Each structure stands twice: as C-alpha cells, then as structure tokens.
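Source file: target_1.cif; contents: mmCIF, C-alpha atoms, pLDDT in the B column; chains and numbers go by the auth columns.
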```cif
data_run
loop_
_atom_site.group_PDB
_atom_site.id
_atom_site.type_symbol
_atom_site.label_atom_id
_atom_site.label_comp_id
_atom_site.label_asym_id
_atom_site.label_seq_id
_atom_site.Cartn_x
_atom_site.Cartn_y
_atom_site.Cartn_z
_atom_site.B_iso_or_equiv
_atom_site.auth_seq_id
_atom_site.auth_asym_id
ATOM 1 C CA MET A 1 -36.800 15.716 -69.988 55.00 10 A
ATOM 2 C CA GLY A 2 -35.124 16.850 -66.796 64.00 11 A
ATOM 3 C CA ASP A 3 -31.505 17.841 -66.278 70.00 12 A
ATOM 4 C CA ILE A 4 -28.863 15.162 -65.952 74.00 13 A
ATOM 5 C CA GLY A 5 -26.092 15.582 -63.422 68.00 14 A
ATOM 6 C CA LEU A 6 -22.801 13.893 -64.215 77.00 15 A
ATOM 7 C CA LYS A 7 -19.977 13.438 -61.711 62.00 16 A
ATOM 8 C CA VAL A 8 -16.320 12.611 -61.853 73.00 17 A
ATOM 9 C CA GLU A 9 -15.335 10.815 -58.683 68.00 18 A
ATOM 10 C CA PHE A 10 -12.032 9.579 -57.358 64.00 19 A
ATOM 11 C CA ASP A 11 -11.798 6.787 -54.828 66.00 20 A
ATOM 12 C CA THR A 12 -8.950 7.750 -52.520 68.00 21 A
ATOM 13 C CA ARG A 13 -9.094 4.685 -50.291 69.00 22 A
ATOM 14 C CA GLU A 14 -6.379 2.825 -52.147 64.00 23 A
ATOM 15 C CA PHE A 15 -4.129 5.888 -52.003 60.00 24 A
ATOM 16 C CA GLU A 16 -4.586 6.691 -48.315 62.00 25 A
ATOM 17 C CA HIS A 17 -1.573 4.649 -47.223 58.00 26 A
ATOM 18 C CA VAL A 18 0.548 6.385 -49.850 54.00 27 A
ATOM 19 C CA LEU A 19 -0.618 9.801 -48.688 57.00 28 A
ATOM 20 C CA ASP A 20 0.030 8.918 -45.032 64.00 29 A
ATOM 21 C CA LEU A 21 3.520 7.696 -45.881 59.00 30 A
ATOM 22 C CA ALA A 22 4.285 10.829 -47.903 62.00 31 A
ATOM 23 C CA SER A 23 3.078 13.055 -45.070 69.00 32 A
ATOM 24 C CA ARG A 24 5.167 11.243 -42.462 70.00 33 A
ATOM 25 C CA GLU A 25 8.293 11.091 -44.593 74.00 34 A
ATOM 26 C CA THR A 26 7.980 14.724 -45.621 77.00 35 A
ATOM 27 C CA ARG A 27 8.104 15.704 -41.954 79.00 36 A
ATOM 28 C CA ASN A 28 11.095 13.425 -41.451 81.00 37 A
ATOM 29 C CA ALA A 29 12.704 15.088 -44.463 83.00 38 A
ATOM 30 C CA LEU A 30 12.237 18.534 -42.928 85.00 39 A
ATOM 31 C CA ARG A 31 13.622 17.332 -39.597 87.00 40 A
ATOM 32 C CA ARG A 32 16.676 15.832 -41.223 86.00 41 A
ATOM 33 C CA SER A 33 17.232 18.947 -43.319 89.00 42 A
ATOM 34 C CA VAL A 34 17.006 21.303 -40.351 91.00 43 A
ATOM 35 C CA ASP A 35 19.202 19.126 -38.117 92.00 44 A
ATOM 36 C CA ARG A 36 21.930 18.581 -40.687 91.00 45 A
ATOM 37 C CA ALA A 37 21.977 22.239 -41.704 93.00 46 A
ATOM 38 C CA ALA A 38 22.279 23.389 -38.082 94.00 47 A
ATOM 39 C CA ARG A 39 25.066 20.918 -37.305 94.00 48 A
ATOM 40 C CA THR A 40 27.034 21.840 -40.385 96.00 49 A
ATOM 41 C CA ALA A 41 26.599 25.528 -39.547 95.00 50 A
ATOM 42 C CA ARG A 42 27.902 24.902 -36.025 96.00 51 A
ATOM 43 C CA ARG A 43 30.887 22.943 -37.287 96.00 52 A
ATOM 44 C CA GLU A 44 31.878 25.693 -39.720 97.00 53 A
ATOM 45 C CA THR A 45 31.162 28.551 -37.309 96.00 54 A
ATOM 46 C CA ILE A 46 33.365 27.390 -34.413 97.00 55 A
ATOM 47 C CA PRO A 47 36.684 27.946 -36.279 97.00 56 A
ATOM 48 C CA VAL A 48 35.496 31.438 -37.262 97.00 57 A
ATOM 49 C CA MET A 49 34.559 32.083 -33.645 97.00 58 A
ATOM 50 C CA ALA A 50 38.020 30.988 -32.492 97.00 59 A
ATOM 51 C CA ALA A 51 39.739 33.183 -35.105 97.00 60 A
ATOM 52 C CA ASP A 52 37.573 36.174 -34.176 97.00 61 A
ATOM 53 C CA ILE A 53 38.320 35.798 -30.465 96.00 62 A
ATOM 54 C CA GLY A 54 41.997 35.004 -31.045 96.00 63 A
ATOM 55 C CA VAL A 55 42.257 31.707 -29.162 96.00 64 A
ATOM 56 C CA SER A 56 42.101 27.991 -29.854 96.00 65 A
ATOM 57 C CA LYS A 57 38.610 26.499 -29.913 94.00 66 A
ATOM 58 C CA SER A 58 39.650 24.222 -27.036 95.00 67 A
ATOM 59 C CA VAL A 59 39.630 27.295 -24.777 95.00 68 A
ATOM 60 C CA PHE A 60 35.842 27.693 -25.056 96.00 69 A
ATOM 61 C CA GLY A 61 34.792 24.167 -26.008 95.00 70 A
ATOM 62 C CA LYS A 62 32.347 23.771 -23.130 94.00 71 A
ATOM 63 C CA ALA A 63 30.482 26.932 -24.171 95.00 72 A
ATOM 64 C CA VAL A 64 29.577 25.575 -27.625 95.00 73 A
ATOM 65 C CA PRO A 65 27.898 22.186 -27.025 95.00 74 A
ATOM 66 C CA PRO A 66 26.321 20.104 -29.800 95.00 75 A
ATOM 67 C CA VAL A 67 23.132 21.220 -31.514 94.00 76 A
ATOM 68 C CA LYS A 68 19.873 20.030 -29.991 93.00 77 A
ATOM 69 C CA GLY A 69 17.977 18.433 -32.839 91.00 78 A
ATOM 70 C CA SER A 70 14.360 18.745 -33.871 90.00 79 A
ATOM 71 C CA THR A 71 11.455 16.603 -32.669 88.00 80 A
ATOM 72 C CA GLN A 72 8.231 15.433 -34.259 82.00 81 A
ATOM 73 C CA ASN A 73 6.403 18.320 -32.601 85.00 82 A
ATOM 74 C CA ASN A 74 9.061 20.984 -33.038 88.00 83 A
ATOM 75 C CA LEU A 75 10.779 21.375 -36.384 86.00 84 A
ATOM 76 C CA SER A 76 13.655 23.442 -35.047 90.00 85 A
ATOM 77 C CA ALA A 77 17.273 22.754 -34.219 93.00 86 A
ATOM 78 C CA THR A 78 18.815 24.864 -31.465 93.00 87 A
ATOM 79 C CA TRP A 79 22.440 25.714 -30.747 95.00 88 A
ATOM 80 C CA THR A 80 22.704 27.184 -27.253 94.00 89 A
ATOM 81 C CA ILE A 81 25.927 29.090 -26.565 94.00 90 A
ATOM 82 C CA SER A 82 26.741 29.786 -22.932 90.00 91 A
ATOM 83 C CA LYS A 83 29.026 32.284 -21.206 88.00 92 A
ATOM 84 C CA ALA A 84 32.774 31.718 -21.266 91.00 93 A
ATOM 85 C CA ARG A 85 35.024 34.403 -19.831 92.00 94 A
ATOM 86 C CA ILE A 86 38.398 34.451 -21.559 95.00 95 A
ATOM 87 C CA SER A 87 41.199 36.496 -20.024 94.00 96 A
ATOM 88 C CA ALA A 88 42.573 39.264 -22.212 95.00 97 A
ATOM 89 C CA LEU A 89 46.002 37.829 -21.444 96.00 98 A
ATOM 90 C CA LYS A 90 45.174 34.995 -23.854 95.00 99 A
ATOM 91 C CA VAL A 91 44.758 37.383 -26.785 96.00 100 A
ATOM 92 C CA GLY A 92 47.564 39.840 -26.092 96.00 101 A
ATOM 93 C CA LYS A 93 50.802 40.544 -24.286 95.00 102 A
ATOM 94 C CA PHE A 94 51.394 42.178 -20.941 95.00 103 A
ATOM 95 C CA GLN A 95 54.613 44.188 -20.755 94.00 104 A
ATOM 96 C CA PRO A 96 55.902 44.722 -17.190 92.00 105 A
ATOM 97 C CA VAL A 97 57.130 48.247 -16.437 89.00 106 A
ATOM 98 C CA LEU A 98 57.130 49.181 -12.778 78.00 107 A
ATOM 99 C CA SER A 99 57.166 45.589 -11.492 87.00 108 A
ATOM 100 C CA PRO A 100 56.595 42.060 -12.841 85.00 109 A
ATOM 101 C CA LEU A 101 52.834 42.521 -12.340 87.00 110 A
ATOM 102 C CA ARG A 102 52.429 46.193 -13.309 91.00 111 A
ATOM 103 C CA GLY A 103 52.830 47.613 -16.776 94.00 112 A
ATOM 104 C CA SER A 104 51.041 48.005 -20.117 94.00 113 A
ATOM 105 C CA TYR A 105 49.040 45.722 -22.363 95.00 114 A
ATOM 106 C CA ALA A 106 48.568 45.303 -26.112 95.00 115 A
ATOM 107 C CA GLY A 107 46.167 42.781 -27.554 95.00 116 A
ATOM 108 C CA SER A 108 43.517 41.994 -30.129 95.00 117 A
ATOM 109 C CA THR A 109 40.091 40.370 -30.101 94.00 118 A
ATOM 110 C CA PHE A 110 37.110 40.683 -32.466 94.00 119 A
ATOM 111 C CA ARG A 111 39.863 40.154 -35.037 95.00 120 A
ATOM 112 C CA LEU A 112 37.528 39.337 -37.920 95.00 121 A
ATOM 113 C CA THR A 113 34.546 41.444 -36.859 94.00 122 A
ATOM 114 C CA GLY A 114 36.652 44.539 -36.306 93.00 123 A
ATOM 115 C CA GLY A 115 36.098 47.503 -34.006 90.00 124 A
ATOM 116 C CA GLY A 116 38.096 49.101 -31.235 85.00 125 A
ATOM 117 C CA SER A 117 38.898 45.849 -29.464 88.00 126 A
ATOM 118 C CA SER A 118 40.610 44.475 -32.565 89.00 127 A
ATOM 119 C CA SER A 119 43.546 46.710 -31.587 90.00 128 A
ATOM 120 C CA LEU A 120 43.459 47.078 -27.837 91.00 129 A
ATOM 121 C CA ARG A 121 46.027 49.185 -25.982 93.00 130 A
ATOM 122 C CA ILE A 122 46.016 49.770 -22.235 93.00 131 A
ATOM 123 C CA GLY A 123 48.747 52.024 -20.881 88.00 132 A
ATOM 124 C CA LYS A 124 48.342 51.285 -17.184 90.00 133 A
ATOM 125 C CA SER A 125 47.315 47.806 -16.111 92.00 134 A
ATOM 126 C CA PHE A 126 48.335 45.044 -13.777 93.00 135 A
ATOM 127 C CA VAL A 127 47.989 41.299 -13.431 94.00 136 A
ATOM 128 C CA MET A 128 46.123 39.671 -10.548 90.00 137 A
ATOM 129 C CA ASN A 129 45.690 36.024 -9.682 88.00 138 A
ATOM 130 C CA VAL A 130 42.015 35.254 -9.069 85.00 139 A
ATOM 131 C CA GLY A 131 40.965 31.707 -8.294 83.00 140 A
ATOM 132 C CA GLY A 132 44.126 30.324 -9.826 84.00 141 A
ATOM 133 C CA ASN A 133 43.696 32.336 -13.036 86.00 142 A
ATOM 134 C CA SER A 134 45.812 35.298 -14.118 92.00 143 A
ATOM 135 C CA LEU A 135 43.604 38.229 -15.082 93.00 144 A
ATOM 136 C CA LEU A 136 44.400 41.583 -16.616 94.00 145 A
ATOM 137 C CA MET A 137 43.101 44.374 -14.418 93.00 146 A
ATOM 138 C CA VAL A 138 42.715 48.153 -14.676 92.00 147 A
ATOM 139 C CA ARG A 139 42.034 50.614 -11.919 88.00 148 A
ATOM 140 C CA GLN A 140 38.827 52.668 -12.144 82.00 149 A
ATOM 141 C CA GLY A 141 39.282 54.876 -9.130 75.00 150 A
ATOM 142 C CA ARG A 142 40.816 55.075 -5.713 75.00 151 A
ATOM 143 C CA GLY A 143 40.590 52.199 -3.332 70.00 152 A
ATOM 144 C CA ARG A 144 41.611 48.589 -3.585 71.00 153 A
ATOM 145 C CA SER A 145 38.175 47.472 -4.778 73.00 154 A
ATOM 146 C CA ASN A 146 37.869 49.961 -7.649 82.00 155 A
ATOM 147 C CA VAL A 147 39.362 47.640 -10.250 87.00 156 A
ATOM 148 C CA LYS A 148 38.006 45.970 -13.346 91.00 157 A
ATOM 149 C CA SER A 149 39.070 42.774 -15.087 92.00 158 A
ATOM 150 C CA ILE A 150 39.517 42.864 -18.877 92.00 159 A
ATOM 151 C CA TYR A 151 38.305 39.938 -20.945 93.00 160 A
ATOM 152 C CA ALA A 152 38.493 38.902 -24.576 94.00 161 A
ATOM 153 C CA GLU A 153 35.413 38.477 -26.735 94.00 162 A
ATOM 154 C CA MET A 154 33.074 35.795 -25.394 94.00 163 A
ATOM 155 C CA PRO A 155 31.835 33.079 -27.807 94.00 164 A
ATOM 156 C CA ARG A 156 28.239 34.211 -27.435 93.00 165 A
ATOM 157 C CA THR A 157 29.090 37.864 -28.096 93.00 166 A
ATOM 158 C CA GLY A 158 30.005 37.337 -31.725 91.00 167 A
ATOM 159 C CA MET A 159 26.747 35.445 -32.228 93.00 168 A
ATOM 160 C CA GLU A 160 24.643 38.147 -30.586 92.00 169 A
ATOM 161 C CA GLN A 161 25.987 40.899 -32.825 92.00 170 A
ATOM 162 C CA THR A 162 24.233 40.996 -36.186 91.00 171 A
ATOM 163 C CA ASP A 163 27.477 42.059 -37.891 94.00 172 A
ATOM 164 C CA GLY A 164 29.669 39.654 -35.939 95.00 173 A
ATOM 165 C CA ALA A 165 31.837 37.387 -38.087 96.00 174 A
ATOM 166 C CA PRO A 166 30.630 34.192 -36.322 96.00 175 A
ATOM 167 C CA ARG A 167 26.970 35.232 -36.662 95.00 176 A
ATOM 168 C CA LEU A 168 27.374 35.983 -40.369 96.00 177 A
ATOM 169 C CA LYS A 169 29.106 32.656 -40.900 96.00 178 A
ATOM 170 C CA TRP A 170 26.339 30.784 -39.086 96.00 179 A
ATOM 171 C CA GLN A 171 23.639 32.454 -41.156 94.00 180 A
ATOM 172 C CA SER A 172 25.334 31.918 -44.511 95.00 181 A
ATOM 173 C CA VAL A 173 26.090 28.244 -43.888 96.00 182 A
ATOM 174 C CA ALA A 174 22.634 27.573 -42.444 94.00 183 A
ATOM 175 C CA GLU A 175 20.941 29.099 -45.494 93.00 184 A
ATOM 176 C CA ARG A 176 23.178 27.245 -47.920 95.00 185 A
ATOM 177 C CA GLU A 177 22.899 23.870 -46.239 94.00 186 A
ATOM 178 C CA LEU A 178 19.183 24.068 -45.546 92.00 187 A
ATOM 179 C CA ALA A 179 18.379 24.737 -49.192 91.00 188 A
ATOM 180 C CA LYS A 180 20.598 21.835 -50.244 90.00 189 A
ATOM 181 C CA GLU A 181 19.236 19.412 -47.650 89.00 190 A
ATOM 182 C CA ILE A 182 15.580 20.207 -48.373 86.00 191 A
ATOM 183 C CA ALA A 183 16.110 19.727 -52.101 85.00 192 A
ATOM 184 C CA ALA A 184 17.604 16.287 -51.472 83.00 193 A
ATOM 185 C CA ASN A 185 15.491 14.985 -48.591 78.00 194 A
ATOM 186 C CA VAL A 186 12.041 16.249 -49.561 77.00 195 A
ATOM 187 C CA GLY A 187 12.603 14.805 -52.998 69.00 196 A
ATOM 188 C CA VAL A 188 13.175 11.380 -51.440 68.00 197 A
ATOM 189 C CA ALA A 189 10.017 11.706 -49.342 61.00 198 A
ATOM 190 C CA LEU A 190 7.800 12.756 -52.240 61.00 199 A
ATOM 191 C CA SER A 191 9.087 9.907 -54.392 62.00 200 A
ATOM 192 C CA GLY A 192 7.961 7.379 -51.772 59.00 201 A
ATOM 193 C CA GLY A 193 11.332 6.807 -50.132 58.00 202 A
ATOM 194 C CA THR A 194 12.172 6.597 -46.412 60.00 203 A
ATOM 195 C CA VAL A 195 14.132 9.462 -44.878 58.00 204 A
ATOM 196 C CA PRO A 196 16.230 8.741 -41.756 61.00 205 A
ATOM 197 C CA THR A 197 16.404 11.398 -39.059 54.00 206 A
ATOM 198 C CA LEU A 198 19.296 12.343 -36.784 54.00 207 A
ATOM 199 C CA THR A 199 18.933 11.920 -33.047 48.00 208 A
ATOM 200 C CA SER A 200 22.379 13.093 -31.953 45.00 209 A
ATOM 201 C CA GLU A 201 25.341 15.031 -33.272 44.00 210 A
ATOM 202 C CA GLY A 202 26.039 13.542 -36.661 46.00 211 A
ATOM 203 C CA GLN A 203 24.629 10.104 -35.815 45.00 212 A
ATOM 204 C CA PRO A 204 21.821 8.395 -37.791 41.00 213 A
ATOM 205 C CA GLY A 205 18.741 7.440 -35.835 41.00 214 A
ATOM 206 C CA PRO A 206 15.285 5.962 -36.325 37.00 215 A
ATOM 207 C CA SER A 207 12.859 7.517 -37.825 38.00 216 A
ATOM 208 C CA ASP A 208 9.084 25.669 -40.838 42.00 217 A
ATOM 209 C CA ALA A 209 12.223 25.582 -42.310 45.00 218 A
ATOM 210 C CA LEU A 210 14.982 28.259 -42.468 48.00 219 A
ATOM 211 C CA GLN A 211 13.251 30.099 -39.637 49.00 220 A
ATOM 212 C CA ALA A 212 13.425 26.920 -37.560 49.00 221 A
ATOM 213 C CA LEU A 213 17.205 27.213 -37.434 53.00 222 A
ATOM 214 C CA ARG A 214 18.142 29.411 -34.539 52.00 223 A
ATOM 215 C CA GLY A 215 21.239 30.099 -32.523 51.00 224 A
ATOM 216 C CA SER A 216 20.433 31.132 -28.970 47.00 225 A
ATOM 217 C CA ALA A 217 22.601 32.202 -26.060 46.00 226 A
ATOM 218 C CA ALA A 218 21.926 30.898 -22.577 44.00 227 A
ATOM 219 C CA ALA A 219 21.605 33.562 -19.961 40.00 228 A
#
```
Starting from the file, give its structure as structure tokens.
Amino acid sequence: MGDIGLKVEFDTREFEHVLDLASRETRNALRRSVDRAARTARRETIPVMAADIGVSKSVFGKAVPPVKGSTQNNLSATWTISKARISALKVGKFQPVLSPLRGSYAGSTFRLTGGGSSSLRIGKSFVMNVGGNSLLMVRQGRGRSNVKSIYAEMPRTGMEQTDGAPRLKWQSVAERELAKEIAANVGVALSGGTVPTLTSEGQPGPSDALQALRGSAAA
C-alpha cells in the first residue's frame, strides 16, 4: 500500500470580515492612542514651559498651536512650536541709574531647567522702544549700531534642549499616556469593538507608536 497524506485545513472565508474589521480598528486604535497621548502631553507641557520661561502662557500662546493629529497613512501626531521672542523685561526688573532708560538689570529665565540664565545680572544696560515694544539692550562696542537685545527663553528652546524641563515633561507624559491609551484602545479593537479617532484638538471624529510622537520646532 502507498503512503496516505492527511491534511488539516481551515476555511478562512467566514472569518475574513472579522479579520478585516480587526485590522482596520487596530489602526484606528493606534491613531487614537497617538493623538490622545500627544494632546495630553502638550496640555501638561505648556504650564511647565511657562514656569521655565517665567511668564504667563498667554504671552506665547500663538507659538504653541494645537497638535496635528495622525492620518490613515501616517501614524504620527506632531506638535510644531514656532519662534516667539519674549523681552527679558518680562522676566526681570530694570533698575534705572543714570537716567530713566539707563541702568542695570536682574532677571531669571530657564527657571526650572537651570543654568546661567536662571540668575541673570547685567550691570550696564538700557531700554529701547522698538516697534512699540520695550526691549532690554546692551552695548557690544562703539557706535550706535553695536547693540544687542536681550530676550528670555523662547518656547521652542526648552523643547530643543534634551535636558530642558519642558522637553522632559513632554517625553514623560507622552510615554505614560501612550502606554495607557494603547492598552485601552487596542484591547477594544482586538475584542471586535469600534474605536473612534480624533480629528481635532480634543474633539471626537469619524472613524509605530511611541516613536510616532514627536515635537518639532518650525524654522
């Protein structure tokens, strides 16, 4: 007698719709997890940013717009932080000496991050009105044009520095929230549930992963 070949077969046709649903909802789960983690990280980072700079968050509000959420083709949420020059006069005190606009300055920025600027002292400085804004200036040499304006920490600076207090806050919250969101949302997807996605800041919408969270600074 010849050999007999026996097979175990599985007909997947009746499960195809289940597999398609699970695949689609798993992607939605990752999108929701990334978006919610990024938005929570932004919300918790802005107060730290304000405390580090030494000003109210309303001073730099336009520089920290809402997070741009993920898409079906790009599982990443991006927070783009733009430039925002903040006069050093907002984080310190100018003391007139020779005239109302000439004197010394004492201030503090990078208050949480630390460093030299967290205790800033300038013996000779003056105040100049530029475009309707009062700026702290120092002279760098002879001549009327050899002057430099002094600014506080910019919102993007604390995010660019790996040891910056805002950057560390962003990273810690993003890691914490992403792990929590994935555990909740992927579980719903794998159990056959429907996972809503977010299309705007904090608003529900129709329907890779820690590395997909990124904070970038616009040039």
Contacts of Thr166 (chain A) within 12 Å, only C-alpha atoms, excl. fewer than 2 positions in-chain, as a PDB file with C-alpha atoms, in the frame of the given file:
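Wrote it out as part_30.pdb, contents follow:
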```
ATOM      1  CA  MET A  58      34.559  32.083 -33.645  1.00 97.00           C
ATOM      2  CA  ASP A  61      37.573  36.174 -34.176  1.00 97.00           C
ATOM      3  CA  ILE A  62      38.320  35.798 -30.465  1.00 96.00           C
ATOM      4  CA  ALA A  72      30.482  26.932 -24.171  1.00 95.00           C
ATOM      5  CA  ILE A  90      25.927  29.090 -26.565  1.00 94.00           C
ATOM      6  CA  SER A  91      26.741  29.786 -22.932  1.00 90.00           C
ATOM      7  CA  LYS A  92      29.026  32.284 -21.206  1.00 88.00           C
ATOM      8  CA  ALA A  93      32.774  31.718 -21.266  1.00 91.00           C
ATOM      9  CA  ARG A  94      35.024  34.403 -19.831  1.00 92.00           C
ATOM     10  CA  ILE A  95      38.398  34.451 -21.559  1.00 95.00           C
ATOM     11  CA  THR A 118      40.091  40.370 -30.101  1.00 94.00           C
ATOM     12  CA  PHE A 119      37.110  40.683 -32.466  1.00 94.00           C
ATOM     13  CA  THR A 122      34.546  41.444 -36.859  1.00 94.00           C
ATOM     14  CA  TYR A 160      38.305  39.938 -20.945  1.00 93.00           C
ATOM     15  CA  ALA A 161      38.493  38.902 -24.576  1.00 94.00           C
ATOM     16  CA  GLU A 162      35.413  38.477 -26.735  1.00 94.00           C
ATOM     17  CA  MET A 163      33.074  35.795 -25.394  1.00 94.00           C
ATOM     18  CA  PRO A 164      31.835  33.079 -27.807  1.00 94.00           C
ATOM     19  CA  MET A 168      26.747  35.445 -32.228  1.00 93.00           C
ATOM     20  CA  GLU A 169      24.643  38.147 -30.586  1.00 92.00           C
ATOM     21  CA  GLN A 170      25.987  40.899 -32.825  1.00 92.00           C
ATOM     22  CA  THR A 171      24.233  40.996 -36.186  1.00 91.00           C
ATOM     23  CA  ASP A 172      27.477  42.059 -37.891  1.00 94.00           C
ATOM     24  CA  GLY A 173      29.669  39.654 -35.939  1.00 95.00           C
ATOM     25  CA  ALA A 174      31.837  37.387 -38.087  1.00 96.00           C
ATOM     26  CA  PRO A 175      30.630  34.192 -36.322  1.00 96.00           C
ATOM     27  CA  ARG A 176      26.970  35.232 -36.662  1.00 95.00           C
ATOM     28  CA  GLY A 224      21.239  30.099 -32.523  1.00 51.00           C
ATOM     29  CA  SER A 225      20.433  31.132 -28.970  1.00 47.00           C
ATOM     30  CA  ALA A 226      22.601  32.202 -26.060  1.00 46.00           C
ATOM     31  CA  ALA A 227      21.926  30.898 -22.577  1.00 44.00           C
ATOM     32  CA  ALA A 228      21.605  33.562 -19.961  1.00 40.00           C
TER      33      ALA A 228
END
```
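Comparing the minimum interatomic distances between Gly63 (chain A) and each of A:Lys99, A:Lys133, A:Arg45, A:Arg40, counting all atoms listed in the file, we find that A:Lys99 sits nearest.
By chain and then residue number, the residues within 6 Å of Val100 (chain A) are A:Gly63, A:Ala97, A:Leu98, A:Gly116, A:Ser117, counting all atoms listed in the file and disregarding those fewer than 2 positions away in sequence.
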Just C-alpha atoms for this one: save the residues we selected as a short mmCIF file (atom, residue, chain, number, x, y, z; two decimals), in the coordinates of the input.
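Saved file result-v5.cif follows:
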```cif
data_model
loop_
_atom_site.label_atom_id
_atom_site.label_comp_id
_atom_site.auth_asym_id
_atom_site.auth_seq_id
_atom_site.Cartn_x
_atom_site.Cartn_y
_atom_site.Cartn_z
CA GLY A 63 42.00 35.00 -31.04
CA ALA A 97 42.57 39.26 -22.21
CA LEU A 98 46.00 37.83 -21.44
CA GLY A 116 46.17 42.78 -27.55
CA SER A 117 43.52 41.99 -30.13
#
```
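Pairwise distance (CA of Ala183 (chain A), CA of Ala50 (chain A)) equals 5.3 Å.
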Which is closest to Ser85 (chain A) among A:Leu187, A:Gly124, A:Leu110, A:Leu145, if we use all atoms listed in the file? A:Leu187
Atom-to-atom span, CA of Pro74 (chain A) and CA of Glu184 (chain A), Å: 20.9 Å
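Our summary of the geometry notes that CA of Leu144 (chain A) is positioned 24.6 Å from CA of Val57 (chain A).
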On this file, the PyMOL selection byres ((chain A and resi 114) around 8) gives some set of residues; write that set as a tab-separated table (two decimals) with C-alpha atoms, in the frame of the given file.
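Resulting contents of part_30.tsv:
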```
chain	number	residue	atom	x	y	z
A	101	GLY	CA	47.56	39.84	-26.09
A	102	LYS	CA	50.80	40.54	-24.29
A	103	PHE	CA	51.39	42.18	-20.94
A	104	GLN	CA	54.61	44.19	-20.76
A	112	GLY	CA	52.83	47.61	-16.78
A	113	SER	CA	51.04	48.00	-20.12
A	115	ALA	CA	48.57	45.30	-26.11
A	116	GLY	CA	46.17	42.78	-27.55
A	129	LEU	CA	43.46	47.08	-27.84
A	130	ARG	CA	46.03	49.18	-25.98
A	131	ILE	CA	46.02	49.77	-22.24
A	132	GLY	CA	48.75	52.02	-20.88
A	133	LYS	CA	48.34	51.28	-17.18
A	134	SER	CA	47.32	47.81	-16.11
```
For Asn37 (chain A), which residue among A:Ser79, A:Asn142, A:Ser127, A:Asn155 is the nearest when counting only C-alpha atoms? A:Ser79
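Candidate residues A:Ile55, A:Val76, A:Val139, A:Leu84 were compared for distance to Arg165 (chain A), and the nearest is A:Ile55, using only C-alpha atoms.
Residue nearest Ala86 (chain A) within the list A:Ser67, A:Thr49, A:Ser154, A:Asn194: A:Thr49 [criterion: smallest interatomic distance, all atoms listed in the file].
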Starting from the shown file, work through the PyMOL selection byres ((chain A and resi 185) around 12) and note down what comes out as an MDAnalysis selection string. chainID A and resid 42:43 45:47 49:50 178:184 186:192 219
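Compared by their closest atoms to Met146 (chain A), and using all atoms listed in the file, the residues A:Gly125, A:Arg52, A:Ser96, A:Val195 rank with A:Ser96 nearest.
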Using the atoms already present, construct N, CA, C and O atoms for region 121-133 of chain A and hand them back as a compact mmCIF listing (two decimals), keeping the file's coordinate frame.
```txt
# COMPACT_ATOMS: atom_id res chain seq x y z
N LEU A 121 38.19 39.38 -36.62
CA LEU A 121 37.53 39.34 -37.92
C LEU A 121 36.38 40.34 -38.00
O LEU A 121 36.13 40.93 -39.05
N THR A 122 35.69 40.52 -36.89
CA THR A 122 34.55 41.44 -36.86
C THR A 122 35.01 42.88 -36.95
O THR A 122 34.38 43.71 -37.62
N GLY A 123 36.13 43.18 -36.30
CA GLY A 123 36.65 44.54 -36.31
C GLY A 123 36.11 45.36 -35.15
O GLY A 123 35.36 44.89 -34.30
N GLY A 124 36.50 46.64 -35.10
CA GLY A 124 36.10 47.50 -34.01
C GLY A 124 37.29 47.86 -33.14
O GLY A 124 38.43 47.41 -33.37
N GLY A 125 37.03 48.63 -32.10
CA GLY A 125 38.10 49.10 -31.24
C GLY A 125 38.89 48.00 -30.56
O GLY A 125 40.11 48.11 -30.39
N SER A 126 38.22 46.92 -30.18
CA SER A 126 38.90 45.85 -29.46
C SER A 126 39.81 45.02 -30.36
O SER A 126 40.58 44.19 -29.87
N SER A 127 39.72 45.22 -31.67
CA SER A 127 40.61 44.48 -32.56
C SER A 127 42.04 44.99 -32.47
O SER A 127 42.97 44.34 -32.94
N SER A 128 42.21 46.17 -31.86
CA SER A 128 43.55 46.71 -31.59
C SER A 128 43.48 47.39 -30.23
O SER A 128 43.25 48.60 -30.14
N LEU A 129 43.68 46.61 -29.21
CA LEU A 129 43.46 47.08 -27.84
C LEU A 129 44.79 47.47 -27.19
O LEU A 129 45.74 46.68 -27.16
N ARG A 130 44.84 48.68 -26.67
CA ARG A 130 46.03 49.18 -25.98
C ARG A 130 45.61 49.75 -24.63
O ARG A 130 44.73 50.59 -24.55
N ILE A 131 46.30 49.28 -23.59
CA ILE A 131 46.02 49.77 -22.24
C ILE A 131 47.34 50.19 -21.62
O ILE A 131 48.24 49.36 -21.39
N GLY A 132 47.48 51.49 -21.37
CA GLY A 132 48.75 52.02 -20.88
C GLY A 132 49.10 51.60 -19.47
O GLY A 132 50.24 51.24 -19.18
N LYS A 133 48.10 51.64 -18.58
CA LYS A 133 48.34 51.28 -17.18
C LYS A 133 47.45 50.11 -16.81
O LYS A 133 46.23 50.22 -16.82
```
